[in-house]
Each structure stands twice: as C-alpha cells, then as structure tokens.
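Q: Handing you this structure, nothing more for now.
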Amino acid sequence: MKTLKPLFDYVLIEPLEKENTLPSGIVIPDSAQEKPQEGKVIATGPGKTDPKGDVKEMTVQEGDVVMFKKWGGTEVEVNGNDYLLIKEDDLLAIVD
C-alpha cells in the first residue's frame, strides 16, 4: 500500500464530486460536467522555504475543504484513488 507525503508547499487533495443530477431530476452526463474545484486536504508538505532558509508554515491542514484553481495541480493515482497534488499558491479559499 503506497502513501504520499507532499514536499515543500504542495498539498495532496481528494477532489469532491459534484452532484450529477439537477434539482429537476435531469442527469448531467460525465462529458458535460466541469472538473471539480473543491476538495478535501489529505496531506500537506512542511511549507515553503524562504531565501533565509526559514520554513513558512502551511495555511491549510489535513481535513480542510478547499477551493482551488480550475486547471491547477497534477493528477495522481494512489491505491486506485484519484488525487491532485497542488501548490499552496494555487489554493483559493478554505470552505466552511
């Protein structure tokens, strides 16, 4: 069983699937759905290192639900599950 521990200021995110059925009951086919822009933080790296060598602490934590840029990140597959590996700079907000 593989595990991933992000490096530097990278964040491992599990994308949250959007509803594929409209309130009226119409089912949206996969080909017409947009990529998800929200996900749950699974793991974070230690943070970005500044020129002085100090590590800037990460803003997000494991378990946070975040909104990220539409085309940001790198898709990775671990143990049959799909994740995104995204730089903290590509995160837009923490969703409550």
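Naming scheme: A, B, ... for chains in displayed order of the structure tokens; residues 1 onward per chain; ligands 1 onward as shown.
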So that I can see what lies close to segment 78-87 of chain A, please list as a list of chain:residue names the residues with an atom at most 6 Å from it, counting only C-alpha atoms and leaving out residues fewer than 2 positions away in the same chain.
A: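 The neighbour list is A:Asp9, A:Tyr10, A:Val11, A:Leu12, A:Ile13, A:Glu14, A:Gly73, A:Thr74, A:Glu75, A:Val76, A:Asp89, A:Asp90.
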Q: I'd like the neighbourhood of Met58 of chain A as a list in words, where a residue qualifies if any of its atoms comes within 9 Å (using only C-alpha atoms), though same-chain residues fewer than 5 positions away should be ignored.
A: Asp9, Thr44, Gly45, Pro46, Gly47, Lys48 and Glu88 of chain A
Q: Quick one: pull the distance between atom CA of Lys40 of chain A and atom CA of Val65 of chain A, Å, one decimal.
A: 4.4 Å
Q: I'd like the interatomic distance between atom CA of Phe68 of chain A and atom CA of Gly53 of chain A, to a tenth of an Å.
A: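 According to the coordinates, atom CA of Phe68 of chain A and atom CA of Gly53 of chain A are separated by 27.4 Å.
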Q: At what distance in Å, to one decimal, does atom CA of Gly39 of chain A lie from atom CA of Leu16 of chain A?
A: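 Separation of atom CA of Leu16 of chain A and atom CA of Gly39 of chain A: 4.8 Å.
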Q: With a distance cut-off of 10 Å and only C-alpha atoms, select the neighbouring residues of Glu38 of chain A, excluding the residue or stretch itself and same-chain residues fewer than 2 positions from it, and output the selection as a list of chain:residue names.
A: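 The neighbour list is A:Ile13, A:Glu14, A:Pro15, A:Leu16, A:Glu17, A:Lys18, A:Lys35, A:Pro36, A:Lys40, A:Val41, A:Val65, A:Val66, A:Met67, A:Phe68, A:Lys69, A:Lys70, A:Leu91, A:Leu92, A:Ala93, A:Ile94, A:Val95.
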